[in-house]
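With TSV, C-alpha atoms inside, this is start.tsv:
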```
chain	number	residue	atom	x	y	z
U	673	MET	CA	114.57	93.50	63.18
U	674	LEU	CA	113.34	93.45	66.75
U	675	THR	CA	115.63	94.40	69.63
U	676	LEU	CA	114.58	93.50	73.16
U	677	PHE	CA	115.66	95.01	76.47
U	678	VAL	CA	115.20	93.71	80.01
U	679	SER	CA	116.67	94.55	83.39
U	680	ASP	CA	116.12	93.82	87.06
U	681	VAL	CA	114.80	90.31	86.57
U	682	HIS	CA	116.43	89.56	89.95
U	683	LEU	CA	116.60	85.82	89.35
U	684	HIS	CA	116.98	83.92	92.61
U	685	PRO	CA	116.17	80.34	93.61
U	686	SER	CA	113.70	81.67	96.20
U	687	ARG	CA	111.51	83.03	93.38
U	688	PRO	CA	110.88	80.08	91.05
U	689	GLN	CA	107.90	81.69	89.31
U	690	THR	CA	110.06	84.62	88.22
U	691	ALA	CA	112.57	82.19	86.78
U	692	ARG	CA	109.74	80.41	84.98
U	693	ARG	CA	108.47	83.70	83.53
U	694	PHE	CA	111.99	84.54	82.34
U	695	GLY	CA	112.31	81.13	80.73
U	696	GLU	CA	109.02	81.68	78.91
U	697	PHE	CA	110.19	85.13	77.86
U	698	LEU	CA	113.40	83.68	76.38
U	699	ALA	CA	111.28	81.25	74.36
U	700	GLU	CA	109.17	84.20	73.17
U	701	ALA	CA	112.33	86.15	72.36
U	702	GLN	CA	113.35	83.64	69.70
U	703	GLY	CA	113.51	85.42	66.39
U	704	ALA	CA	114.58	88.76	67.86
U	705	ALA	CA	117.82	90.14	66.46
U	706	ALA	CA	119.20	90.99	69.88
U	707	LEU	CA	118.44	90.89	73.58
U	708	TYR	CA	120.11	93.44	75.85
U	709	ILE	CA	120.17	92.62	79.57
U	710	LEU	CA	120.73	95.90	81.39
U	711	GLY	CA	121.78	94.72	84.82
U	712	ASP	CA	120.54	92.73	87.80
U	713	LEU	CA	119.58	89.68	85.79
U	714	PHE	CA	120.61	87.86	88.94
U	715	ASP	CA	119.63	88.99	92.40
U	716	ALA	CA	123.12	88.01	93.48
U	717	TRP	CA	126.25	86.67	91.80
U	718	ALA	CA	128.98	85.43	94.09
U	719	GLY	CA	131.44	84.70	91.29
U	720	ASP	CA	131.73	82.58	88.17
U	721	ASP	CA	132.79	79.59	90.29
U	722	ASP	CA	129.09	79.45	91.25
U	723	LEU	CA	128.16	78.58	87.63
U	724	PRO	CA	127.67	74.85	88.37
U	725	ASP	CA	124.89	75.71	90.86
U	726	PRO	CA	121.79	74.08	89.27
U	727	PHE	CA	119.81	77.32	89.30
U	728	ASN	CA	122.59	79.32	87.65
U	729	ALA	CA	123.29	76.50	85.19
U	730	GLY	CA	119.61	76.46	84.17
U	731	VAL	CA	119.57	80.17	83.48
U	732	CYS	CA	122.81	79.99	81.52
U	733	SER	CA	121.69	77.08	79.35
U	734	ALA	CA	118.45	78.93	78.50
U	735	LEU	CA	120.45	81.99	77.44
U	736	LYS	CA	122.79	79.75	75.44
U	737	ALA	CA	119.79	78.20	73.63
U	738	LEU	CA	118.65	81.68	72.58
U	739	VAL	CA	122.15	82.59	71.34
U	740	ASP	CA	122.42	79.28	69.48
U	741	ASP	CA	119.07	80.06	67.87
U	742	GLY	CA	120.56	83.22	66.35
U	743	THR	CA	119.69	86.02	68.79
U	744	GLN	CA	122.63	88.09	69.99
U	745	VAL	CA	122.62	88.50	73.78
U	746	PHE	CA	124.38	91.43	75.44
U	747	PHE	CA	125.00	91.72	79.16
U	748	LEU	CA	125.57	94.98	80.99
U	749	PRO	CA	126.25	94.45	84.71
U	750	GLY	CA	124.01	95.83	87.44
U	751	ASN	CA	124.59	96.53	91.11
U	752	ARG	CA	123.78	92.88	91.97
U	753	ASP	CA	125.59	90.91	89.30
U	754	PHE	CA	128.71	92.97	88.54
U	755	LEU	CA	130.93	90.02	89.46
U	756	VAL	CA	129.92	88.16	86.31
U	757	ARG	CA	133.04	87.29	84.32
U	758	GLU	CA	134.36	85.44	81.26
U	759	ALA	CA	133.23	81.97	82.35
U	760	PHE	CA	129.64	83.25	82.40
U	761	ALA	CA	130.13	84.71	78.92
U	762	ALA	CA	131.50	81.39	77.70
U	763	ALA	CA	128.60	79.45	79.25
U	764	THR	CA	125.92	81.69	77.74
U	765	GLY	CA	127.39	83.14	74.57
U	766	ALA	CA	126.50	86.59	75.90
U	767	ARG	CA	128.76	89.53	75.16
U	768	PHE	CA	129.61	92.10	77.81
U	769	LEU	CA	128.87	95.78	77.43
U	770	PRO	CA	130.58	98.62	79.33
U	771	ASP	CA	128.59	100.40	82.08
U	772	GLU	CA	127.53	103.12	79.65
U	773	SER	CA	127.10	101.95	76.04
U	774	VAL	CA	125.81	103.81	73.02
U	775	VAL	CA	124.20	101.40	70.58
U	776	ASP	CA	122.48	101.91	67.23
U	777	VAL	CA	118.95	100.62	67.80
U	778	ALA	CA	117.14	100.54	64.45
U	779	GLY	CA	118.85	103.74	63.39
U	780	VAL	CA	118.59	105.62	66.69
U	781	ALA	CA	121.70	106.15	68.80
U	782	THR	CA	120.62	104.92	72.22
U	783	LEU	CA	122.44	105.12	75.54
U	784	LEU	CA	122.14	101.92	77.57
U	785	LEU	CA	123.03	101.78	81.23
U	786	HIS	CA	121.85	100.03	84.38
U	787	GLY	CA	120.71	103.31	85.94
U	788	ASP	CA	122.29	103.25	89.38
U	789	THR	CA	124.84	105.89	88.35
U	790	LEU	CA	121.96	108.29	87.62
U	791	CYS	CA	120.79	108.11	91.26
U	792	THR	CA	123.40	110.62	92.39
U	793	ASP	CA	121.39	111.86	95.40
U	794	ASP	CA	122.05	108.61	97.27
U	795	ARG	CA	125.58	109.41	98.44
U	796	ALA	CA	125.83	106.34	100.68
U	797	TYR	CA	125.11	104.09	97.71
U	798	ALA	CA	127.60	105.97	95.50
U	799	ASP	CA	130.31	105.38	98.12
U	800	PHE	CA	129.39	101.70	98.38
U	801	ARG	CA	129.44	101.37	94.59
U	802	ALA	CA	132.86	103.00	94.33
U	803	GLN	CA	134.18	100.53	96.89
U	804	VAL	CA	132.80	97.31	95.39
U	805	ARG	CA	133.62	98.32	91.83
U	806	SER	CA	137.28	98.89	92.62
U	807	PRO	CA	139.56	96.19	91.15
U	808	GLN	CA	141.32	95.82	94.52
U	809	TRP	CA	138.07	95.10	96.40
U	810	GLN	CA	136.89	92.66	93.72
U	811	ARG	CA	140.23	90.83	93.71
U	812	ASP	CA	140.14	90.45	97.50
U	813	PHE	CA	136.48	89.42	97.53
U	814	LEU	CA	136.83	86.82	94.77
U	815	ALA	CA	139.88	85.37	96.55
U	816	ARG	CA	137.67	84.31	99.48
U	817	PRO	CA	135.97	80.87	99.53
U	818	LEU	CA	132.66	80.69	97.63
U	819	ALA	CA	130.64	79.75	100.72
U	820	GLU	CA	131.99	82.76	102.57
U	821	ARG	CA	131.14	85.09	99.67
U	822	LYS	CA	127.60	83.72	99.47
U	823	ALA	CA	127.11	84.24	103.18
U	824	GLU	CA	128.33	87.83	102.93
U	825	ILE	CA	126.03	88.49	99.96
U	826	ALA	CA	123.04	87.17	101.94
U	827	VAL	CA	123.84	89.75	104.63
U	828	LEU	CA	124.17	92.52	102.03
U	829	ARG	CA	120.84	91.56	100.42
U	830	ALA	CA	119.03	91.73	103.76
U	831	ARG	CA	120.65	95.07	104.55
U	832	SER	CA	119.67	96.46	101.13
U	833	GLU	CA	116.04	95.40	101.63
U	834	ALA	CA	115.93	96.99	105.06
U	835	GLY	CA	117.57	100.14	103.69
U	836	LYS	CA	114.98	100.49	100.92
U	837	ARG	CA	112.24	100.65	103.54
U	838	VAL	CA	113.72	103.66	105.30
U	839	LYS	CA	115.33	105.59	102.44
U	840	PRO	CA	113.24	108.50	101.10
U	841	ALA	CA	111.67	107.60	97.75
U	842	GLU	CA	113.26	110.53	95.88
U	843	LEU	CA	116.71	109.37	97.02
U	844	MET	CA	116.17	106.11	95.13
U	845	ASP	CA	115.15	107.79	91.86
U	846	VAL	CA	117.32	109.35	89.19
U	847	ASN	CA	118.69	112.86	89.59
U	848	PRO	CA	117.36	115.09	86.76
U	849	ALA	CA	120.72	116.85	86.31
U	850	ALA	CA	122.51	113.51	86.01
U	851	VAL	CA	120.02	112.48	83.32
U	852	ALA	CA	120.48	115.75	81.41
U	853	GLN	CA	124.26	115.28	81.58
U	854	ALA	CA	123.94	111.71	80.27
U	855	TYR	CA	122.04	112.86	77.16
U	856	ALA	CA	124.62	115.61	76.55
U	857	ARG	CA	127.75	113.58	77.34
U	858	HIS	CA	126.84	110.85	74.86
U	859	GLY	CA	125.04	113.01	72.27
U	860	VAL	CA	121.98	110.74	72.23
U	861	ALA	CA	118.26	111.42	72.12
U	862	ARG	CA	117.25	108.09	73.68
U	863	ILE	CA	118.19	106.45	76.97
U	864	ILE	CA	117.13	103.02	78.19
U	865	HIS	CA	117.87	101.98	81.77
U	866	GLY	CA	116.52	100.06	84.74
U	867	HIS	CA	117.50	99.95	88.42
U	868	THR	CA	114.78	102.22	89.87
U	869	HIS	CA	111.98	99.72	89.08
U	870	ARG	CA	109.81	102.67	88.00
U	871	MET	CA	108.52	101.55	84.63
U	872	ALA	CA	107.87	104.61	82.48
U	873	ARG	CA	108.52	106.43	79.24
U	874	HIS	CA	109.72	109.95	79.99
U	875	ALA	CA	109.63	112.64	77.28
U	876	GLU	CA	112.38	115.02	78.35
U	877	ALA	CA	114.29	118.01	77.01
U	878	GLY	CA	117.13	115.69	75.97
U	879	GLY	CA	114.93	113.06	74.32
U	880	GLU	CA	113.00	109.99	75.39
U	881	ARG	CA	113.98	107.86	78.38
U	882	TRP	CA	112.57	104.40	78.93
U	883	VAL	CA	112.79	102.99	82.44
U	884	LEU	CA	112.50	99.20	82.54
U	885	PRO	CA	110.52	97.63	85.38
U	886	ASP	CA	111.66	94.88	87.71
U	887	TRP	CA	110.16	91.41	87.41
U	888	ASP	CA	108.03	89.62	89.96
U	889	ASP	CA	106.49	86.18	90.28
U	890	ALA	CA	103.57	87.07	88.02
U	891	HIS	CA	104.98	89.41	85.42
U	892	GLY	CA	107.97	90.33	83.39
U	893	VAL	CA	108.00	93.22	80.99
U	894	ALA	CA	110.55	93.80	78.25
U	895	LEU	CA	110.97	96.75	75.92
U	896	ALA	CA	110.81	95.99	72.20
U	897	CYS	CA	112.31	98.41	69.67
U	898	ASP	CA	112.43	98.47	65.90
U	899	ALA	CA	112.35	101.10	63.15
U	900	ALA	CA	108.82	102.11	64.25
U	901	GLY	CA	110.06	102.94	67.78
U	902	CYS	CA	109.83	101.26	71.18
U	903	ARG	CA	106.93	99.65	73.00
U	904	TRP	CA	106.37	97.44	76.03
U	905	PHE	CA	106.45	93.72	75.35
U	906	GLU	CA	104.62	91.30	77.60
U	907	PHE	CA	101.86	88.73	77.62
U	908	PRO	CA	98.81	88.35	79.84
U	909	ALA	CA	99.59	85.95	82.65
U	910	PRO	CA	99.51	85.35	86.30
V	627	MET	CA	76.41	78.63	84.30
V	628	ILE	CA	79.04	78.40	81.56
V	629	LYS	CA	80.08	75.18	79.85
V	630	LEU	CA	83.46	74.88	78.16
V	631	HIS	CA	83.36	71.91	75.79
V	632	THR	CA	87.01	70.90	75.43
V	633	ASN	CA	88.62	68.02	73.59
V	634	HIS	CA	89.25	66.52	77.06
V	635	GLY	CA	85.63	66.86	78.27
V	636	VAL	CA	83.25	69.48	79.67
V	637	ILE	CA	84.16	72.04	82.32
V	638	ALA	CA	81.13	73.70	83.95
V	639	LEU	CA	81.69	77.08	85.59
V	640	GLU	CA	79.54	78.98	88.02
V	641	LEU	CA	80.27	82.70	87.79
V	642	ASP	CA	79.87	85.13	90.70
V	643	ALA	CA	78.14	88.16	89.21
V	644	ALA	CA	77.51	89.61	92.67
V	645	LYS	CA	81.23	89.73	93.58
V	646	ALA	CA	82.69	90.46	90.12
V	647	PRO	CA	79.90	92.01	88.01
V	648	LYS	CA	82.04	93.66	85.33
V	649	THR	CA	84.38	90.70	84.94
V	650	VAL	CA	81.49	88.25	84.65
V	651	ALA	CA	79.69	90.44	82.08
V	652	ASN	CA	82.95	90.70	80.11
V	653	PHE	CA	83.54	86.93	80.14
V	654	GLU	CA	79.93	86.11	79.25
V	655	GLN	CA	80.05	88.51	76.32
V	656	TYR	CA	83.09	86.69	74.89
V	657	VAL	CA	81.25	83.38	75.36
V	658	LYS	CA	78.12	84.69	73.60
V	659	ASP	CA	80.22	86.13	70.76
V	660	GLY	CA	81.73	82.69	70.16
V	661	PHE	CA	85.18	84.18	70.79
V	662	TYR	CA	86.41	81.19	72.79
V	663	ASP	CA	85.26	78.59	70.25
V	664	GLY	CA	88.38	77.02	68.80
V	665	THR	CA	90.80	78.65	71.26
V	666	ILE	CA	93.36	76.64	73.21
V	667	PHE	CA	94.80	76.33	76.69
V	668	HIS	CA	98.23	77.58	75.63
V	669	ARG	CA	99.97	77.70	79.02
V	670	VAL	CA	99.68	74.67	81.26
V	671	ILE	CA	101.66	74.53	84.49
V	672	GLY	CA	100.73	71.48	86.51
V	673	GLY	CA	101.37	72.82	90.00
V	674	PHE	CA	100.03	76.29	89.28
V	675	MET	CA	97.27	76.98	86.74
V	676	ILE	CA	96.00	76.37	83.23
V	677	GLN	CA	95.65	79.48	81.04
V	678	GLY	CA	93.69	79.90	77.84
V	679	GLY	CA	91.20	81.90	75.86
V	680	GLY	CA	93.52	84.03	73.75
V	681	PHE	CA	95.12	81.86	71.08
V	682	GLU	CA	94.06	79.56	68.28
V	683	PRO	CA	96.07	76.41	67.49
V	684	GLY	CA	99.51	77.35	66.20
V	685	MET	CA	99.72	80.13	68.83
V	686	LYS	CA	97.80	82.57	66.61
V	687	GLN	CA	96.72	85.40	68.92
V	688	LYS	CA	93.11	86.64	68.62
V	689	SER	CA	92.30	90.34	68.82
V	690	THR	CA	90.19	91.29	71.81
V	691	GLN	CA	87.74	93.92	73.06
V	692	ALA	CA	88.58	96.77	75.47
V	693	PRO	CA	90.04	95.68	78.84
V	694	VAL	CA	87.90	95.29	81.94
V	695	GLU	CA	88.39	96.96	85.33
V	696	ASN	CA	90.20	94.84	87.92
V	697	GLU	CA	87.71	93.60	90.52
V	698	ALA	CA	90.18	91.45	92.46
V	699	ASN	CA	89.33	93.21	95.74
V	700	ASN	CA	86.11	91.20	96.11
V	701	GLY	CA	87.02	88.64	98.75
V	702	LEU	CA	87.29	85.72	96.30
V	703	LYS	CA	90.59	83.80	96.52
V	704	ASN	CA	92.74	82.09	93.90
V	705	GLU	CA	92.04	78.61	95.25
V	706	VAL	CA	92.00	75.25	93.49
V	707	GLY	CA	89.16	75.16	90.99
V	708	THR	CA	88.54	78.90	90.74
V	709	ILE	CA	88.66	80.88	87.51
V	710	ALA	CA	90.39	84.26	87.29
V	711	MET	CA	91.41	86.74	84.61
V	712	ALA	CA	94.91	86.85	83.14
V	713	ARG	CA	96.40	90.29	82.58
V	714	THR	CA	99.62	92.15	81.90
V	715	SER	CA	101.42	94.24	84.54
V	716	ASP	CA	98.76	96.92	84.00
V	717	PRO	CA	96.21	95.98	86.71
V	718	HIS	CA	93.26	96.88	84.47
V	719	SER	CA	94.36	95.06	81.34
V	720	ALA	CA	92.34	91.83	81.43
V	721	THR	CA	90.51	91.10	78.19
V	722	ALA	CA	89.72	87.54	77.11
V	723	GLN	CA	92.45	85.33	78.56
V	724	PHE	CA	91.61	83.56	81.79
V	725	PHE	CA	93.08	80.84	83.96
V	726	ILE	CA	91.82	78.07	86.21
V	727	ASN	CA	93.83	77.65	89.41
V	728	VAL	CA	95.01	74.10	90.06
V	729	ALA	CA	96.76	75.10	93.29
V	730	ASP	CA	96.00	77.56	96.09
V	731	ASN	CA	97.88	80.52	94.65
V	732	ASP	CA	97.76	82.93	97.58
V	733	PHE	CA	100.29	85.27	95.99
V	734	LEU	CA	97.77	86.09	93.25
V	735	ASN	CA	95.09	87.28	95.71
V	736	TYR	CA	94.34	90.95	96.26
V	737	PRO	CA	96.50	92.96	96.89
V	738	GLY	CA	99.12	90.63	95.40
V	739	GLN	CA	102.61	91.87	94.63
V	740	ASP	CA	101.46	94.97	92.78
V	741	GLY	CA	98.61	96.29	94.93
V	742	TRP	CA	95.93	94.61	92.80
V	743	GLY	CA	96.26	90.89	92.36
V	744	TYR	CA	94.22	88.72	89.99
V	745	CYS	CA	90.43	88.82	89.85
V	746	VAL	CA	88.65	85.57	90.68
V	747	PHE	CA	85.14	85.59	89.22
V	748	GLY	CA	83.86	82.03	89.45
V	749	ARG	CA	84.63	78.40	90.07
V	750	VAL	CA	84.48	74.98	88.46
V	751	VAL	CA	81.32	73.14	89.59
V	752	GLU	CA	81.62	70.12	87.29
V	753	GLY	CA	84.51	68.68	85.33
V	754	MET	CA	87.35	69.18	87.79
V	755	ASP	CA	88.52	65.78	86.50
V	756	VAL	CA	88.79	67.42	83.07
V	757	VAL	CA	90.83	70.29	84.54
V	758	ASN	CA	93.10	67.75	86.21
V	759	LYS	CA	93.51	65.87	82.93
V	760	ILE	CA	94.51	69.11	81.21
V	761	LYS	CA	96.99	70.09	83.91
V	762	GLY	CA	98.72	66.75	83.34
V	763	VAL	CA	99.17	66.99	79.57
V	764	LYS	CA	102.67	66.82	78.15
V	765	THR	CA	104.23	70.24	77.61
V	766	SER	CA	107.25	71.13	75.54
V	767	ARG	CA	110.37	72.55	77.06
V	768	ALA	CA	112.60	75.12	75.49
V	769	GLY	CA	115.18	76.68	77.73
V	770	PHE	CA	114.55	75.83	81.36
V	771	HIS	CA	110.79	76.34	81.43
V	772	GLN	CA	108.20	76.23	78.73
V	773	ASP	CA	104.62	75.33	79.25
V	774	VAL	CA	102.95	74.94	75.87
V	775	PRO	CA	101.03	71.65	75.51
V	776	VAL	CA	102.58	69.40	72.87
V	777	GLU	CA	99.11	68.45	71.62
V	778	ASP	CA	96.50	71.23	71.44
V	779	VAL	CA	94.04	71.45	74.33
V	780	VAL	CA	91.08	73.01	72.52
V	781	ILE	CA	87.92	74.72	73.75
V	782	GLU	CA	85.73	73.47	70.92
V	783	ARG	CA	82.69	75.44	72.09
V	784	ALA	CA	81.72	77.65	75.03
V	785	GLU	CA	78.08	78.25	75.94
V	786	VAL	CA	75.98	80.08	78.50
V	787	CYS	CA	73.50	77.61	80.03
```
Target format structure tokens, applied to this file:
Amino acid sequence: MLTLFVSDVHLHPSRPQTARRFGEFLAEAQGAAALYILGDLFDAWAGDDDLPDPFNAGVCSALKALVDDGTQVFFLPGNRDFLVREAFAAATGARFLPDESVVDVAGVATLLLHGDTLCTDDRAYADFRAQVRSPQWQRDFLARPLAERKAEIAVLRARSEAGKRVKPAELMDVNPAAVAQAYARHGVARIIHGHTHRMARHAEAGGERWVLPDWDDAHGVALACDAAGCRWFEFPAP
Amino acid sequence: MIKLHTNHGVIALELDAAKAPKTVANFEQYVKDGFYDGTIFHRVIGGFMIQGGGFEPGMKQKSTQAPVENEANNGLKNEVGTIAMARTSDPHSATAQFFINVADNDFLNYPGQDGWGYCVFGRVVEGMDVVNKIKGVKTSRAGFHQDVPVEDVVIERAEVC
């Protein structure tokens, strides 16, 4: 009973090798009991009306093939793809998870989250998140024409990249108190998240915390867990 | 020189022991041990590279020796016809699997996307036609990308000449 976890694949048509790697990974994932996608599968998601886009359609049909093969796929939204909705779920067979989900992973209660809410030192981001996650903002945004939304997202992506270059590194990592609170609030001894792109296994007072890495054109790393515990899952490649 | 006798013909490789001493010694040891005999090119991507040296037919993975230090910062580039080591996201994780570039893959050169890149340690001196035959074999598709040859591309024997 293998359970797989990925996050921050950041699929985008401008990075075809990453998409290829993800496709290969999905083929390798066949036979796993479940695959949990913990946010930012897509580098941007303008709305489910962008599903017919050939790139998006390709990703969705690959996920659907895995689901049809008997692997359950769960989708927890990230800070890039939180506008994914029911049409995406229908196209892929994936099931949505709330922002913070406690799941039994081979007998261990495990908190799953994207990870952005643990980065509490970045106040500007927290404000931005509160704005774009509000139902009012999302309703207004999704009411605009698709082309306009995509243009706005392109601007936001560029601004985010520029911001990452000037923000202090510690601002973009998790806040230790927020992590301690997460263990306590959910009564778990294991946390799995992404977002910070800082692949690691942390042994902490509260338990063990696995941070999933982001994917690039050469490599994609998943976490594989079963009754024996968790380990990194990847294959040699360029 | 190294000769890879494949079921598509012979690929002759000249290794650069001056630029990548540890990687060359590592590769030659696998050749001498007969490790590559009967392994396949399991990942064939026509516009990119052909990767092999780690699996037997049926995608049975072979167990390897300790990994070798990454020597990608040696000035050699991932250009058409060069051979380089495959690895995981750990920069120093190359063992037996290698790939032959069939395109100029600049993004794999030191420092790459992770500060290390992929270590080139030699080039094809004869049998580029064989490499080109292999890059054109039919591959199966599952999902939206899958690059496993439908019919096994086998390294029947590898030898140091």
| Could you pull the residues within 12 Å of segment 647-658 of chain V, counting only C-alpha atoms, minus those fewer than 4 positions along the same chain, as a ChimeraX atom specification? | /V:627-631,639-643,662-665,679-680,688-698,700,709-712,718-725,744-749,781-787
| query | For chain U against chain V, which residues fall within 9 Å using all atoms listed in the file, given as a VMD selection string? | reply | chain U and resid 691 to 696 698 to 699 730 to 731 733 to 738 888 to 893 906 to 910
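Excluding Asp778 of chain V itself and any same-chain residue fewer than 5 positions from it, the protein and nucleic acid residues within 9 Å of it, counting all atoms listed in the file, are V:Asn633, V:Ile666, V:Phe667, V:His668, V:Pro683, V:Gly684.
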| request: Could you please determine the separation between atom CA of Phe714 of chain U and atom CA of Arg752 of chain U in Å, to one decimal place? | output: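 Atom CA of Arg752 of chain U lies at a distance of 6.7 Å from atom CA of Phe714 of chain U.
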Ala761 of chain U: which residues within 12 Å, counting only C-alpha atoms, same-chain residues fewer than 3 positions away excluded, as a JSON list (two decimals) with C-alpha atoms, in the coordinates of the input?
```json
[["chain", "number", "residue", "atom", "x", "y", "z"],
["U", 720, "ASP", "CA", 131.73, 82.58, 88.17],
["U", 723, "LEU", "CA", 128.16, 78.58, 87.63],
["U", 732, "CYS", "CA", 122.81, 79.99, 81.52],
["U", 733, "SER", "CA", 121.69, 77.08, 79.35],
["U", 735, "LEU", "CA", 120.45, 81.99, 77.44],
["U", 736, "LYS", "CA", 122.79, 79.75, 75.44],
["U", 739, "VAL", "CA", 122.15, 82.59, 71.34],
["U", 745, "VAL", "CA", 122.62, 88.50, 73.78],
["U", 746, "PHE", "CA", 124.38, 91.43, 75.44],
["U", 747, "PHE", "CA", 125.00, 91.72, 79.16],
["U", 748, "LEU", "CA", 125.57, 94.98, 80.99],
["U", 749, "PRO", "CA", 126.25, 94.45, 84.71],
["U", 755, "LEU", "CA", 130.93, 90.02, 89.46],
["U", 756, "VAL", "CA", 129.92, 88.16, 86.31],
["U", 757, "ARG", "CA", 133.04, 87.29, 84.32],
["U", 758, "GLU", "CA", 134.36, 85.44, 81.26],
["U", 764, "THR", "CA", 125.92, 81.69, 77.74],
["U", 765, "GLY", "CA", 127.39, 83.14, 74.57],
["U", 766, "ALA", "CA", 126.50, 86.59, 75.90],
["U", 767, "ARG", "CA", 128.76, 89.53, 75.16],
["U", 768, "PHE", "CA", 129.61, 92.10, 77.81],
["U", 769, "LEU", "CA", 128.87, 95.78, 77.43]]
```
| So what do you get for atom CA of His682 of chain U versus atom CA of Trp887 of chain U, distance-wise? |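 Between atom CA of His682 of chain U and atom CA of Trp887 of chain U the gap works out to 7.0 Å.
Taking atom CA of Asp730 of chain V and atom CA of Glu705 of chain V as the two end points, the separation is 4.2 Å.
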| Which polymer residues have any atom within 10 Å of an atom of Asp715 of chain U, counting all atoms listed in the file, with same-chain residues fewer than 5 positions away left out, as a list in words? |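 Answer for this query is Asp680, Val681, His682, Leu683, His684, Pro685, Gly750, Asn751, Arg752, Asp753, Ile825 and Arg829 of chain U.
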| query | Between U:Glu700, U:Asp793, U:Asp898, U:Asp771, which has the minimum distance to Asp845 of chain U (counting all atoms listed in the file)? | reply |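 Under the stated criterion, the closest residue is U:Asp793.
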